[in-house]
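**Student:** Hey, dropping work35.cif in here, mmCIF, C-alpha atoms:
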```cif
data_work
loop_
_atom_site.label_atom_id
_atom_site.label_comp_id
_atom_site.auth_asym_id
_atom_site.auth_seq_id
_atom_site.Cartn_x
_atom_site.Cartn_y
_atom_site.Cartn_z
CA MET P 19 -41.71 -58.08 3.29
CA PRO P 20 -43.52 -56.72 6.37
CA ARG P 21 -47.29 -56.77 6.22
CA LEU P 22 -49.81 -55.07 8.45
CA VAL P 23 -52.90 -57.23 8.74
CA ALA P 24 -56.12 -56.32 10.55
CA THR P 25 -58.87 -58.89 10.94
CA GLY P 26 -62.37 -58.36 12.27
CA LEU P 27 -61.54 -55.12 14.06
CA GLY P 28 -64.28 -53.53 16.10
CA CYS P 29 -64.44 -50.31 18.03
CA VAL P 30 -66.81 -49.26 20.79
CA ARG P 31 -66.68 -45.74 22.22
CA GLY P 32 -68.92 -44.81 25.12
CA GLN P 33 -71.11 -47.90 24.57
CA ARG P 34 -71.68 -46.85 20.95
CA ASP P 35 -70.63 -49.27 18.25
CA ILE P 36 -68.46 -47.14 15.96
CA PHE P 37 -67.48 -49.86 13.51
CA HIS P 38 -67.12 -53.61 13.47
CA ASP P 39 -65.56 -56.26 11.31
CA VAL P 40 -63.03 -54.02 9.59
CA ASN P 41 -60.37 -55.92 7.64
CA PHE P 42 -57.40 -54.71 5.66
CA GLN P 43 -53.97 -55.80 4.56
CA LEU P 44 -51.09 -53.47 3.89
CA SER P 45 -47.74 -54.54 2.45
CA ALA P 46 -44.48 -52.63 2.61
CA GLY P 47 -44.58 -49.71 0.21
CA GLU P 48 -48.36 -49.40 0.24
CA ALA P 49 -50.63 -46.70 1.58
CA LEU P 50 -54.16 -46.98 2.92
CA ALA P 51 -56.51 -44.01 2.84
CA LEU P 52 -59.29 -44.12 5.43
CA THR P 53 -62.35 -42.26 4.26
CA GLY P 54 -65.88 -41.90 5.50
CA PRO P 55 -68.20 -39.32 7.02
CA ASN P 56 -67.48 -37.54 10.30
CA GLY P 57 -67.84 -39.93 13.20
CA ALA P 58 -67.25 -43.01 11.06
CA GLY P 59 -64.27 -43.97 13.23
CA LYS P 60 -61.30 -42.98 11.08
CA SER P 61 -59.40 -41.43 13.97
CA SER P 62 -60.43 -44.26 16.28
CA LEU P 63 -59.04 -46.83 13.84
CA LEU P 64 -55.73 -44.98 13.73
CA ARG P 65 -55.62 -44.88 17.54
CA LEU P 66 -56.42 -48.60 17.63
CA ILE P 67 -53.42 -49.32 15.41
CA ALA P 68 -51.30 -46.97 17.51
CA GLY P 69 -52.22 -48.94 20.63
CA LEU P 70 -53.90 -45.90 22.18
CA LEU P 71 -57.30 -47.58 22.22
CA ARG P 72 -58.08 -51.19 22.96
CA ALA P 73 -60.08 -53.11 20.41
CA PRO P 74 -62.95 -55.11 21.96
CA SER P 75 -62.77 -57.51 19.02
CA GLY P 76 -60.41 -58.42 16.21
CA ARG P 77 -56.67 -58.05 15.99
CA ILE P 78 -53.88 -56.23 14.27
CA GLU P 79 -50.64 -57.95 13.43
CA LEU P 80 -47.43 -56.97 11.80
CA ASP P 81 -45.84 -59.88 9.93
CA GLY P 82 -42.15 -59.57 9.35
CA GLY P 83 -41.51 -56.49 11.47
CA ALA P 84 -38.96 -56.25 14.26
CA ALA P 85 -39.88 -59.19 16.47
CA ASP P 86 -39.03 -57.56 19.80
CA LEU P 87 -41.05 -54.40 19.21
CA THR P 88 -44.80 -53.86 19.35
CA ILE P 89 -46.67 -52.18 16.51
CA PRO P 90 -46.93 -48.83 18.39
CA GLU P 91 -43.18 -48.90 18.95
CA GLN P 92 -42.62 -49.15 15.21
CA ALA P 93 -45.16 -46.49 14.28
CA HIS P 94 -45.44 -42.74 14.10
CA TYR P 95 -48.80 -41.36 15.13
CA GLN P 96 -49.77 -37.90 14.06
CA GLY P 97 -53.12 -36.95 15.50
CA HIS P 98 -55.00 -33.69 15.72
CA LEU P 99 -52.80 -32.61 18.61
CA ASP P 100 -49.20 -31.98 17.73
CA ALA P 101 -47.47 -32.69 21.07
CA PHE P 102 -45.34 -29.58 21.19
CA LYS P 103 -44.77 -27.34 24.19
CA PRO P 104 -45.40 -23.66 23.50
CA SER P 105 -42.65 -22.47 25.86
CA LEU P 106 -39.89 -24.54 24.22
CA THR P 107 -38.34 -23.49 20.94
CA VAL P 108 -39.02 -25.34 17.70
CA ALA P 109 -35.58 -26.97 17.82
CA GLU P 110 -35.90 -27.94 21.52
CA ASN P 111 -39.27 -29.55 20.89
CA LEU P 112 -38.02 -31.54 17.92
CA VAL P 113 -34.75 -32.56 19.59
CA PHE P 114 -36.67 -33.84 22.61
CA TRP P 115 -38.89 -36.08 20.48
CA ILE P 116 -35.94 -37.28 18.40
CA HIS P 117 -34.15 -38.36 21.58
CA TYR P 118 -37.25 -39.74 23.26
CA LEU P 119 -38.17 -41.77 20.20
CA GLY P 120 -34.71 -43.28 20.25
CA SER P 121 -32.83 -41.54 17.48
CA THR P 122 -29.78 -39.30 17.52
CA ALA P 123 -30.21 -37.51 14.19
CA PRO P 124 -29.65 -33.76 14.33
CA PRO P 125 -32.89 -31.81 13.81
CA GLY P 126 -31.55 -29.51 11.08
CA ALA P 127 -32.17 -31.78 8.11
CA ALA P 128 -35.76 -32.53 9.12
CA LEU P 129 -36.58 -28.84 9.68
CA GLU P 130 -34.97 -28.11 6.30
CA ALA P 131 -37.08 -30.80 4.63
CA LEU P 132 -40.27 -29.15 5.85
CA GLY P 133 -39.08 -25.64 5.10
CA ILE P 134 -39.09 -24.37 8.70
CA ALA P 135 -35.35 -24.27 9.40
CA GLY P 136 -35.55 -20.50 9.81
CA LEU P 137 -37.92 -20.90 12.78
CA ALA P 138 -35.65 -23.18 14.84
CA ASP P 139 -35.08 -20.66 17.66
CA LEU P 140 -38.66 -19.42 17.91
CA PRO P 141 -40.83 -20.66 20.81
CA ALA P 142 -43.36 -23.10 19.37
CA GLY P 143 -46.20 -21.09 20.89
CA TYR P 144 -45.72 -18.43 18.19
CA LEU P 145 -46.14 -20.83 15.27
CA SER P 146 -49.19 -20.74 13.02
CA ALA P 147 -51.38 -23.82 12.64
CA GLY P 148 -49.69 -24.73 9.36
CA GLN P 149 -46.21 -24.25 10.79
CA ARG P 150 -47.06 -26.45 13.76
CA ARG P 151 -48.27 -29.13 11.38
CA ARG P 152 -45.00 -28.87 9.44
CA LEU P 153 -43.09 -29.24 12.69
CA SER P 154 -44.98 -32.40 13.58
CA LEU P 155 -44.26 -33.77 10.10
CA ALA P 156 -40.57 -33.01 10.71
CA ARG P 157 -40.75 -35.57 13.53
CA LEU P 158 -41.72 -38.26 10.99
CA VAL P 159 -38.75 -37.36 8.83
CA ALA P 160 -36.24 -37.15 11.69
CA VAL P 161 -37.00 -40.52 13.30
CA PRO P 162 -37.33 -43.50 10.98
CA ARG P 163 -40.35 -45.69 11.69
CA PRO P 164 -41.82 -48.17 9.19
CA ILE P 165 -45.49 -47.32 9.87
CA TRP P 166 -46.93 -43.83 9.61
CA LEU P 167 -50.39 -43.25 11.08
CA LEU P 168 -51.60 -39.86 9.91
CA ASP P 169 -54.84 -38.18 10.92
CA GLU P 170 -55.82 -35.57 8.31
CA PRO P 171 -52.17 -34.90 7.42
CA THR P 172 -52.96 -32.19 4.88
CA SER P 173 -55.11 -30.03 7.15
CA ALA P 174 -53.80 -26.48 7.69
CA LEU P 175 -51.05 -27.01 5.10
CA ASP P 176 -50.67 -24.67 2.12
CA ALA P 177 -50.33 -25.99 -1.44
CA ALA P 178 -46.53 -26.01 -1.35
CA ALA P 179 -46.44 -27.89 1.95
CA GLN P 180 -49.03 -30.39 0.70
CA ALA P 181 -46.81 -31.10 -2.31
CA ARG P 182 -43.83 -31.45 0.05
CA LEU P 183 -45.81 -33.87 2.22
CA ALA P 184 -46.80 -35.95 -0.83
CA GLU P 185 -43.15 -36.12 -1.82
CA LEU P 186 -42.13 -37.22 1.70
CA MET P 187 -44.84 -39.89 1.71
CA ARG P 188 -43.68 -41.17 -1.70
CA GLN P 189 -40.09 -41.40 -0.38
CA HIS P 190 -41.31 -43.23 2.72
CA LEU P 191 -43.23 -45.76 0.62
CA ALA P 192 -40.33 -46.17 -1.80
CA GLY P 193 -38.15 -47.03 1.21
CA GLY P 194 -40.50 -49.88 2.16
CA GLY P 195 -42.63 -47.93 4.64
CA MET P 196 -46.38 -48.12 5.16
CA ILE P 197 -48.88 -45.31 5.58
CA VAL P 198 -52.37 -45.35 7.01
CA ALA P 199 -53.97 -41.93 6.64
CA ALA P 200 -57.42 -40.68 7.54
CA THR P 201 -58.41 -38.11 4.98
CA HIS P 202 -61.26 -36.19 3.40
CA GLY P 203 -59.30 -34.92 0.43
CA PRO P 204 -56.74 -36.30 -1.99
CA LEU P 205 -53.44 -37.32 -0.38
CA GLY P 206 -51.37 -36.86 -3.51
CA ILE P 207 -50.12 -40.45 -3.50
CA ASP P 208 -51.46 -43.76 -4.75
CA ALA P 209 -53.43 -45.31 -1.94
CA THR P 210 -55.95 -48.08 -1.47
CA GLU P 211 -59.17 -46.67 -0.10
CA LEU P 212 -60.85 -48.14 2.96
CA ARG P 213 -64.26 -46.61 3.46
CA LEU P 214 -65.62 -46.82 6.98
CA GLY P 215 -69.34 -47.30 7.41
CA ASN P 216 -72.01 -44.70 7.61
CA ALA P 217 -72.48 -43.44 11.11
CA PRO P 218 -76.09 -43.60 12.31
CA MET R 11 -29.16 -38.42 25.10
CA THR R 12 -31.20 -41.42 26.17
CA PRO R 13 -35.01 -41.19 25.97
CA LEU R 14 -35.37 -40.94 29.75
CA SER R 15 -32.74 -38.26 30.29
CA ALA R 16 -34.28 -36.31 27.41
CA LEU R 17 -37.64 -36.47 29.19
CA LEU R 18 -36.06 -35.41 32.50
CA VAL R 19 -34.32 -32.44 30.90
CA ARG R 20 -37.45 -31.40 29.00
CA ASP R 21 -39.63 -31.43 32.11
CA MET R 22 -37.09 -29.45 34.12
CA ARG R 23 -36.78 -26.94 31.30
CA LEU R 24 -40.56 -26.59 31.09
CA ALA R 25 -40.77 -26.03 34.84
CA VAL R 26 -38.40 -23.07 34.80
CA ARG R 27 -39.83 -21.45 31.67
CA VAL R 28 -42.73 -19.00 31.69
CA GLY R 29 -45.81 -20.61 33.19
CA GLY R 30 -43.82 -23.60 34.38
CA GLY R 31 -44.50 -23.27 38.06
CA ALA R 32 -41.13 -24.24 39.54
CA MET R 33 -41.22 -21.24 41.88
CA MET R 34 -44.91 -21.60 42.68
CA GLY R 35 -44.32 -24.35 45.21
CA VAL R 36 -41.73 -22.38 47.17
CA LEU R 37 -43.84 -19.23 47.18
CA PHE R 38 -46.87 -21.17 48.39
CA PHE R 39 -44.71 -22.79 51.09
CA LEU R 40 -43.48 -19.36 52.18
CA ILE R 41 -47.02 -17.98 52.40
CA VAL R 42 -48.45 -20.93 54.34
CA VAL R 43 -45.62 -20.84 56.87
CA THR R 44 -45.82 -17.07 57.20
CA LEU R 45 -49.55 -17.22 57.88
CA VAL R 46 -49.18 -19.54 60.87
CA PRO R 47 -47.63 -17.05 63.34
CA PHE R 48 -50.46 -14.65 62.51
CA ALA R 49 -53.01 -17.35 63.24
CA VAL R 50 -51.58 -18.81 66.45
CA GLY R 51 -50.23 -15.58 67.88
CA PRO R 52 -46.72 -14.49 68.88
CA ASP R 53 -46.12 -17.19 71.49
CA LEU R 54 -42.54 -18.16 70.71
CA ALA R 55 -42.53 -21.34 72.76
CA GLN R 56 -45.68 -22.58 71.08
CA LEU R 57 -44.37 -21.75 67.61
CA GLN R 58 -41.20 -23.65 68.37
CA ARG R 59 -43.21 -26.66 69.49
CA ILE R 60 -45.42 -26.83 66.39
CA GLY R 61 -42.76 -25.55 63.98
CA PRO R 62 -41.74 -28.90 62.43
CA ALA R 63 -45.38 -29.84 61.89
CA ILE R 64 -46.10 -26.50 60.18
CA LEU R 65 -43.10 -26.88 57.91
CA TRP R 66 -44.12 -30.41 56.99
CA ILE R 67 -47.74 -29.52 56.24
CA GLY R 68 -46.59 -26.53 54.21
CA ALA R 69 -44.21 -28.69 52.21
CA LEU R 70 -46.88 -31.35 51.72
CA LEU R 71 -49.39 -28.87 50.30
CA ALA R 72 -46.78 -27.08 48.22
CA SER R 73 -45.53 -30.25 46.58
CA LEU R 74 -49.10 -31.18 45.60
CA LEU R 75 -49.73 -27.76 44.10
CA THR R 76 -48.07 -28.37 40.74
CA LEU R 77 -48.58 -32.14 40.58
CA ASP R 78 -51.95 -32.00 38.82
CA ARG R 79 -50.29 -30.62 35.67
CA LEU R 80 -47.72 -33.44 35.58
CA PHE R 81 -49.65 -35.61 33.13
CA ALA R 82 -52.64 -33.36 32.39
CA ALA R 83 -50.50 -30.93 30.38
CA ASP R 84 -49.06 -33.79 28.33
CA HIS R 85 -52.53 -35.22 27.86
CA GLU R 86 -53.96 -31.95 26.57
CA ASP R 87 -51.32 -31.33 23.93
CA GLY R 88 -51.05 -34.94 22.75
CA SER R 89 -47.58 -35.59 24.17
CA LEU R 90 -48.92 -38.34 26.39
CA ASP R 91 -49.97 -40.39 23.34
CA LEU R 92 -46.42 -40.31 22.03
CA LEU R 93 -44.94 -41.02 25.48
CA LEU R 94 -47.15 -44.12 25.63
CA MET R 95 -46.01 -45.23 22.18
CA GLY R 96 -42.30 -44.74 22.89
CA ARG R 97 -39.87 -47.60 23.28
CA ALA R 98 -38.88 -46.58 26.81
CA PRO R 99 -40.91 -48.44 29.48
CA LEU R 100 -43.76 -46.23 30.67
CA GLU R 101 -42.88 -46.91 34.31
CA LEU R 102 -39.42 -45.43 33.83
CA ALA R 103 -40.84 -42.50 31.87
CA VAL R 104 -43.14 -41.80 34.84
CA LEU R 105 -40.15 -42.06 37.18
CA ALA R 106 -38.18 -39.60 35.02
CA LYS R 107 -41.08 -37.15 35.19
CA ALA R 108 -41.36 -37.66 38.95
CA ILE R 109 -37.63 -36.98 39.42
CA ALA R 110 -37.91 -33.81 37.32
CA HIS R 111 -40.87 -32.72 39.42
CA TRP R 112 -38.98 -33.36 42.65
CA ILE R 113 -35.90 -31.47 41.50
CA THR R 114 -37.95 -28.44 40.49
CA THR R 115 -40.51 -28.52 43.33
CA GLY R 116 -39.36 -30.72 46.22
CA LEU R 117 -35.71 -29.73 46.35
CA PRO R 118 -36.42 -25.97 46.53
CA LEU R 119 -38.72 -26.69 49.50
CA VAL R 120 -35.88 -28.48 51.28
CA ILE R 121 -33.57 -25.56 50.60
CA ALA R 122 -36.15 -23.00 51.76
CA ALA R 123 -37.02 -24.88 54.96
CA PRO R 124 -34.05 -23.65 57.07
CA LEU R 125 -34.90 -20.05 56.22
CA LEU R 126 -38.53 -20.55 57.16
CA GLY R 127 -37.44 -22.29 60.34
CA LEU R 128 -36.23 -18.86 61.52
CA PHE R 129 -39.81 -17.55 61.19
CA LEU R 130 -40.98 -20.25 63.57
CA ASN R 131 -38.25 -19.69 66.17
CA LEU R 132 -36.69 -23.11 65.55
CA GLU R 133 -33.21 -23.76 66.88
CA PRO R 134 -30.46 -24.58 64.36
CA MET R 135 -30.47 -28.21 65.42
CA ALA R 136 -34.22 -28.55 64.91
CA THR R 137 -34.09 -26.69 61.60
CA GLY R 138 -31.43 -29.06 60.36
CA ALA R 139 -33.53 -32.03 61.42
CA VAL R 140 -36.59 -30.73 59.58
CA ALA R 141 -34.56 -30.05 56.45
CA LEU R 142 -33.07 -33.53 56.59
CA THR R 143 -36.46 -35.19 57.04
CA LEU R 144 -37.86 -33.12 54.17
CA LEU R 145 -34.95 -34.19 52.00
CA ALA R 146 -35.73 -37.81 52.77
CA GLY R 147 -39.52 -37.47 52.70
CA THR R 148 -40.44 -35.15 49.81
CA PRO R 149 -39.51 -37.75 47.14
CA ALA R 150 -42.15 -39.98 48.72
CA LEU R 151 -44.71 -37.16 48.45
CA THR R 152 -43.92 -36.77 44.75
CA CYS R 153 -44.01 -40.50 44.06
CA ILE R 154 -47.34 -40.95 45.85
CA GLY R 155 -48.64 -37.86 44.10
CA VAL R 156 -47.90 -39.19 40.61
CA ILE R 157 -50.43 -41.96 41.23
CA GLY R 158 -53.14 -39.39 41.82
CA ALA R 159 -51.92 -37.29 38.89
CA ALA R 160 -52.14 -40.31 36.59
CA LEU R 161 -55.58 -41.31 37.86
CA SER R 162 -57.04 -37.86 37.40
CA VAL R 163 -55.44 -37.18 34.01
CA ALA R 164 -58.38 -37.97 31.78
CA LEU R 165 -60.98 -36.28 33.98
CA ARG R 166 -62.10 -32.75 33.40
CA ARG R 167 -61.15 -30.70 36.46
CA GLY R 168 -59.21 -33.71 37.65
CA GLY R 169 -56.92 -31.33 39.49
CA LEU R 170 -59.54 -30.93 42.18
CA LEU R 171 -59.71 -34.67 42.70
CA LEU R 172 -55.97 -35.00 43.11
CA PRO R 173 -55.56 -33.70 46.70
CA VAL R 174 -58.53 -35.77 47.84
CA LEU R 175 -56.95 -38.90 46.41
CA VAL R 176 -53.40 -38.21 47.46
CA LEU R 177 -53.49 -36.52 50.85
CA PRO R 178 -54.78 -39.57 52.79
CA LEU R 179 -51.98 -41.66 51.31
CA THR R 180 -49.35 -39.21 52.53
CA ILE R 181 -50.33 -39.54 56.20
CA PRO R 182 -47.63 -42.11 57.05
CA VAL R 183 -44.95 -39.91 55.51
CA LEU R 184 -46.24 -36.95 57.50
CA ILE R 185 -46.31 -38.92 60.76
CA PHE R 186 -42.75 -40.19 60.53
CA GLY R 187 -41.38 -36.97 59.07
CA VAL R 188 -42.74 -34.88 61.92
CA SER R 189 -41.94 -37.42 64.62
CA ALA R 190 -38.32 -37.66 63.46
CA SER R 191 -38.05 -33.88 63.58
CA ASN R 192 -39.58 -33.77 67.06
CA ALA R 193 -37.33 -36.57 68.22
CA ALA R 194 -34.31 -34.47 67.29
CA MET R 195 -35.70 -31.53 69.26
CA VAL R 196 -37.11 -33.01 72.44
CA GLY R 197 -36.84 -36.79 72.38
CA PRO R 198 -37.55 -39.17 74.01
CA VAL R 199 -37.17 -41.51 71.03
CA THR R 200 -34.01 -41.30 69.02
CA PHE R 201 -33.97 -39.50 65.70
CA GLY R 202 -32.86 -42.65 63.91
CA ALA R 203 -35.94 -44.83 64.43
CA PRO R 204 -38.63 -42.68 62.78
CA PHE R 205 -36.12 -41.38 60.23
CA THR R 206 -35.31 -44.90 59.07
CA ILE R 207 -38.99 -45.66 58.60
CA LEU R 208 -39.36 -42.41 56.65
CA CYS R 209 -36.53 -43.50 54.35
CA ALA R 210 -38.19 -46.89 53.92
CA LEU R 211 -41.48 -45.19 52.96
CA THR R 212 -39.62 -43.14 50.37
CA LEU R 213 -37.87 -46.14 48.89
CA GLY R 214 -41.12 -48.11 48.75
CA SER R 215 -43.01 -45.30 47.08
CA LEU R 216 -40.19 -44.80 44.56
CA VAL R 217 -40.97 -48.30 43.31
CA LEU R 218 -44.73 -48.45 43.78
CA GLY R 219 -45.59 -44.93 42.63
CA PRO R 220 -44.31 -45.21 39.04
CA LEU R 221 -45.71 -48.75 38.68
CA ALA R 222 -49.18 -47.70 39.83
CA ALA R 223 -49.13 -44.46 37.85
CA ALA R 224 -48.13 -46.26 34.63
CA ALA R 225 -50.92 -48.76 35.15
CA ALA R 226 -53.38 -45.90 35.72
CA LEU R 227 -52.22 -44.13 32.54
CA ARG R 228 -52.63 -47.27 30.45
CA HIS R 229 -56.05 -47.91 31.92
CA GLY R 230 -57.04 -44.30 31.30
CA LEU R 231 -56.72 -44.82 27.55
CA GLU R 232 -60.25 -46.11 27.24
#
```
Hey, can you dump this file as structure tokens for me?
**Tutor:**
Amino acid sequence: MPRLVATGLGCVRGQRDIFHDVNFQLSAGEALALTGPNGAGKSSLLRLIAGLLRAPSGRIELDGGAADLTIPEQAHYQGHLDAFKPSLTVAENLVFWIHYLGSTAPPGAALEALGIAGLADLPAGYLSAGQRRRLSLARLVAVPRPIWLLDEPTSALDAAAQARLAELMRQHLAGGGMIVAATHGPLGIDATELRLGNAP
Amino acid sequence: MTPLSALLVRDMRLAVRVGGGAMMGVLFFLIVVTLVPFAVGPDLAQLQRIGPAILWIGALLASLLTLDRLFAADHEDGSLDLLLMGRAPLELAVLAKAIAHWITTGLPLVIAAPLLGLFLNLEPMATGAVALTLLAGTPALTCIGVIGAALSVALRRGGLLLPVLVLPLTIPVLIFGVSASNAAMVGPVTFGAPFTILCALTLGSLVLGPLAAAAALRHGLE
């Protein structure tokens, strides 16, 4: 059973101590909801796990994962930016990321799962905020990765898409995946809550 | 498709789409070279003498023109985060992006150079020499440029910093590119000697550029 273990994590941004001594353990099939006020370091913690920030103290380990891969290489990171090029079509954008992230799955099923299959030939620049979010969630579905790092995954999504997302997260957990999500609202799944400190 | 060929194809596709800038380099090259005869006057012998240097400086500036967007665009839309997290080595991802940039910016300059050689009264032999040196030298310009592009990625208005960082590093390429072209026109040294050094500079920068740029991108995370 893979386990994601963080011990004594600290984060400093621009000489400001965002948080320190954060600990959590996450087993396969479990979800962690990061909560806390704005500026508490929810996004920073996700970026730390994703290897996009360096932690000045503490460490993150994955026990029982693929030995030859780092944690970022086994994770999906969905931040506030969705990493799509406006001049490429929805399908071209998704196919690029599927190939770059090392999969060969056709994009159709993932677009279908998020209900945007009809938009496949539209340049991504014409998508609404909610549609763009759905497209970035399609990336999680198309390329299997055991760890999902989601920053406000429900933002910009309508009620139907939020229900769809909750269903996808439940399937991911049932398949032995792990989810760490920064959120202000309910995620729609059972999750342990990790509250990050009060920002000064 | 492998991750790296997917990245190469995506970058080339982006360059030829609306707002991509693949043609910008060639147009800029055309304008710079066209301006020179107006500035130095219609002295055909003089134009012929400085022709290779003009073409090289034009190509140098044109290939820098679109480099600042190489990583900045990916940084702004979040793609760079995912490129960093991918399983492909970052150095090779940088190399794939550099190759895509050269194919869409450097190669058109090489193709346009013989035409522009006519504007500068160059003989066919000299035009061919300039085109050949550009073919060998422009990959070095791109690979040196990616270092600057990676260093300036996280800075606001980093695009302005890029030429200041990169242009001094391109001086050796410029020296041997122009001297090989001149050697083919007037001698006295053979074409081969400076041209071989130019090729060596290109091969060296093909290795060093992606390594340094990847290191700069990783460091820029903070």
**Student:** Could the residues of chain P within 10 Å of chain R, counting only C-alpha atoms, be given as a PyMOL selection string, please?
**Tutor:** chain P and resi 30-32+65+68-73+87-106+110-111+113-122
**Student:** Report, in Å to a single decimal, how far apart atom CA of R:Pro118 and atom CA of R:Ala55 are.
**Tutor:**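 The value is 27.3 Å.
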**Student:** What would the selection look like, as a PyMOL selection string, if the PyMOL selection byres ((chain P and resi 196-209) around 10) were run on the coordinates I just shared?
**Tutor:** chain P and resi 20-22+44-56+59-64+67+93-97+163-173+180-185+187-188+190-195+210-213
**Student:** Between atom CA of R:Ile157 and atom CA of R:Leu208, what distance in Å does the model show, to one decimal?
**Tutor:**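 Atom-to-atom, atom CA of R:Ile157 and atom CA of R:Leu208 are spaced 19.0 Å apart.
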**Student:** For a quick check of understanding, using all atoms listed in the file, which of P:Ala177, P:Thr107, P:Asp35, P:Ala24 has the smallest distance to P:Leu153?
**Tutor:**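 Using all atoms listed in the file, the shortest distance to P:Leu153 belongs to P:Thr107.
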**Student:** Please indicate the distance in Å from atom CA of R:Thr115 to atom CA of P:Gly143, rounded to one decimal place.
**Tutor:** 24.3 Å
**Student:** Starting from the shown file, work through the PyMOL selection byres ((chain R and resi 212) around 10) and note down what comes out as a list of chain:residue names.
**Tutor:**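 Applied to this file, the PyMOL selection byres ((chain R and resi 212) around 10) selects R:Ala146, R:Gly147, R:Thr148, R:Pro149, R:Ala150, R:Leu151, R:Thr152, R:Cys153, R:Ile154, R:Val183, R:Thr206, R:Ile207, R:Leu208, R:Cys209, R:Ala210, R:Leu211, R:Leu213, R:Gly214, R:Ser215, R:Leu216, R:Val217, R:Leu218, R:Gly219.
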**Student:** Using all atoms listed in the file, find the one residue out of P:Ala84, P:Ile36, P:Leu186, P:Met19 that sits nearest to P:Leu132.
**Tutor:**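 Ranking P:Ala84, P:Ile36, P:Leu186, P:Met19 by distance to P:Leu132, first place goes to P:Leu186.
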**Student:** Determine the residue membership of the PyMOL selection byres ((chain P and resi 128) around 8) for the file above and supply it as a compact mmCIF listing (two decimals) with C-alpha atoms, in the coordinates of the input.
**Tutor:**
```txt
# COMPACT_ATOMS: atom_id res chain seq x y z
CA PRO P 125 -32.89 -31.81 13.81
CA GLY P 126 -31.55 -29.51 11.08
CA ALA P 127 -32.17 -31.78 8.11
CA LEU P 129 -36.58 -28.84 9.68
CA GLU P 130 -34.97 -28.11 6.30
CA ALA P 131 -37.08 -30.80 4.63
CA LEU P 132 -40.27 -29.15 5.85
CA ALA P 156 -40.57 -33.01 10.71
CA ARG P 157 -40.75 -35.57 13.53
CA VAL P 159 -38.75 -37.36 8.83
CA ALA P 160 -36.24 -37.15 11.69
```
**Student:** Box time for stretch 132-139 of chain R: axis-aligned, enclosing all its listed atoms, 8 Å extra on each side; report centre and edge lengths in Å to one decimal, as lines of an AutoDock Vina configuration file.
**Tutor:**
```
center_x = -33.6
center_y = -27.6
center_z = 63.6
size_x = 22.2
size_y = 24.9
size_z = 22.5
```
**Student:** Counting only C-alpha atoms, figure out which residue out of R:Gly197, R:Gly138, R:Pro124, R:Pro99 gets nearest to R:Pro220.
**Tutor:** R:Pro99
**Student:** Can you list, as a PyMOL selection string, every protein, DNA or RNA residue that comes within 12 Å of stretch 31-40 of chain R when you count all atoms listed in the file, leaving out same-chain residues fewer than 2 positions away?
**Tutor:** chain R and resi 21-29+42-46+64-80+110-130
**Student:** Go ahead and save the picked residues with C-alpha atoms, as a compact mmCIF listing (two decimals), in the frame of the given file.
**Tutor:**
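File produced: again.txt:
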```
# COMPACT_ATOMS: atom_id res chain seq x y z
CA ASP R 21 -39.63 -31.43 32.11
CA MET R 22 -37.09 -29.45 34.12
CA ARG R 23 -36.78 -26.94 31.30
CA LEU R 24 -40.56 -26.59 31.09
CA ALA R 25 -40.77 -26.03 34.84
CA VAL R 26 -38.40 -23.07 34.80
CA ARG R 27 -39.83 -21.45 31.67
CA VAL R 28 -42.73 -19.00 31.69
CA GLY R 29 -45.81 -20.61 33.19
CA VAL R 42 -48.45 -20.93 54.34
CA VAL R 43 -45.62 -20.84 56.87
CA THR R 44 -45.82 -17.07 57.20
CA LEU R 45 -49.55 -17.22 57.88
CA VAL R 46 -49.18 -19.54 60.87
CA ILE R 64 -46.10 -26.50 60.18
CA LEU R 65 -43.10 -26.88 57.91
CA TRP R 66 -44.12 -30.41 56.99
CA ILE R 67 -47.74 -29.52 56.24
CA GLY R 68 -46.59 -26.53 54.21
CA ALA R 69 -44.21 -28.69 52.21
CA LEU R 70 -46.88 -31.35 51.72
CA LEU R 71 -49.39 -28.87 50.30
CA ALA R 72 -46.78 -27.08 48.22
CA SER R 73 -45.53 -30.25 46.58
CA LEU R 74 -49.10 -31.18 45.60
CA LEU R 75 -49.73 -27.76 44.10
CA THR R 76 -48.07 -28.37 40.74
CA LEU R 77 -48.58 -32.14 40.58
CA ASP R 78 -51.95 -32.00 38.82
CA ARG R 79 -50.29 -30.62 35.67
CA LEU R 80 -47.72 -33.44 35.58
CA ALA R 110 -37.91 -33.81 37.32
CA HIS R 111 -40.87 -32.72 39.42
CA TRP R 112 -38.98 -33.36 42.65
CA ILE R 113 -35.90 -31.47 41.50
CA THR R 114 -37.95 -28.44 40.49
CA THR R 115 -40.51 -28.52 43.33
CA GLY R 116 -39.36 -30.72 46.22
CA LEU R 117 -35.71 -29.73 46.35
CA PRO R 118 -36.42 -25.97 46.53
CA LEU R 119 -38.72 -26.69 49.50
CA VAL R 120 -35.88 -28.48 51.28
CA ILE R 121 -33.57 -25.56 50.60
CA ALA R 122 -36.15 -23.00 51.76
CA ALA R 123 -37.02 -24.88 54.96
CA PRO R 124 -34.05 -23.65 57.07
CA LEU R 125 -34.90 -20.05 56.22
CA LEU R 126 -38.53 -20.55 57.16
CA GLY R 127 -37.44 -22.29 60.34
CA LEU R 128 -36.23 -18.86 61.52
CA PHE R 129 -39.81 -17.55 61.19
CA LEU R 130 -40.98 -20.25 63.57
```
**Student:** With a distance cut-off of 8 Å and all atoms listed in the file, select the neighbouring residues of R:Ala224, excluding the residue or stretch itself and same-chain residues fewer than 3 positions from it, and output the selection as number ranges by chain.
**Tutor:** R: 100-101, 104, 160, 220-221, 227-228
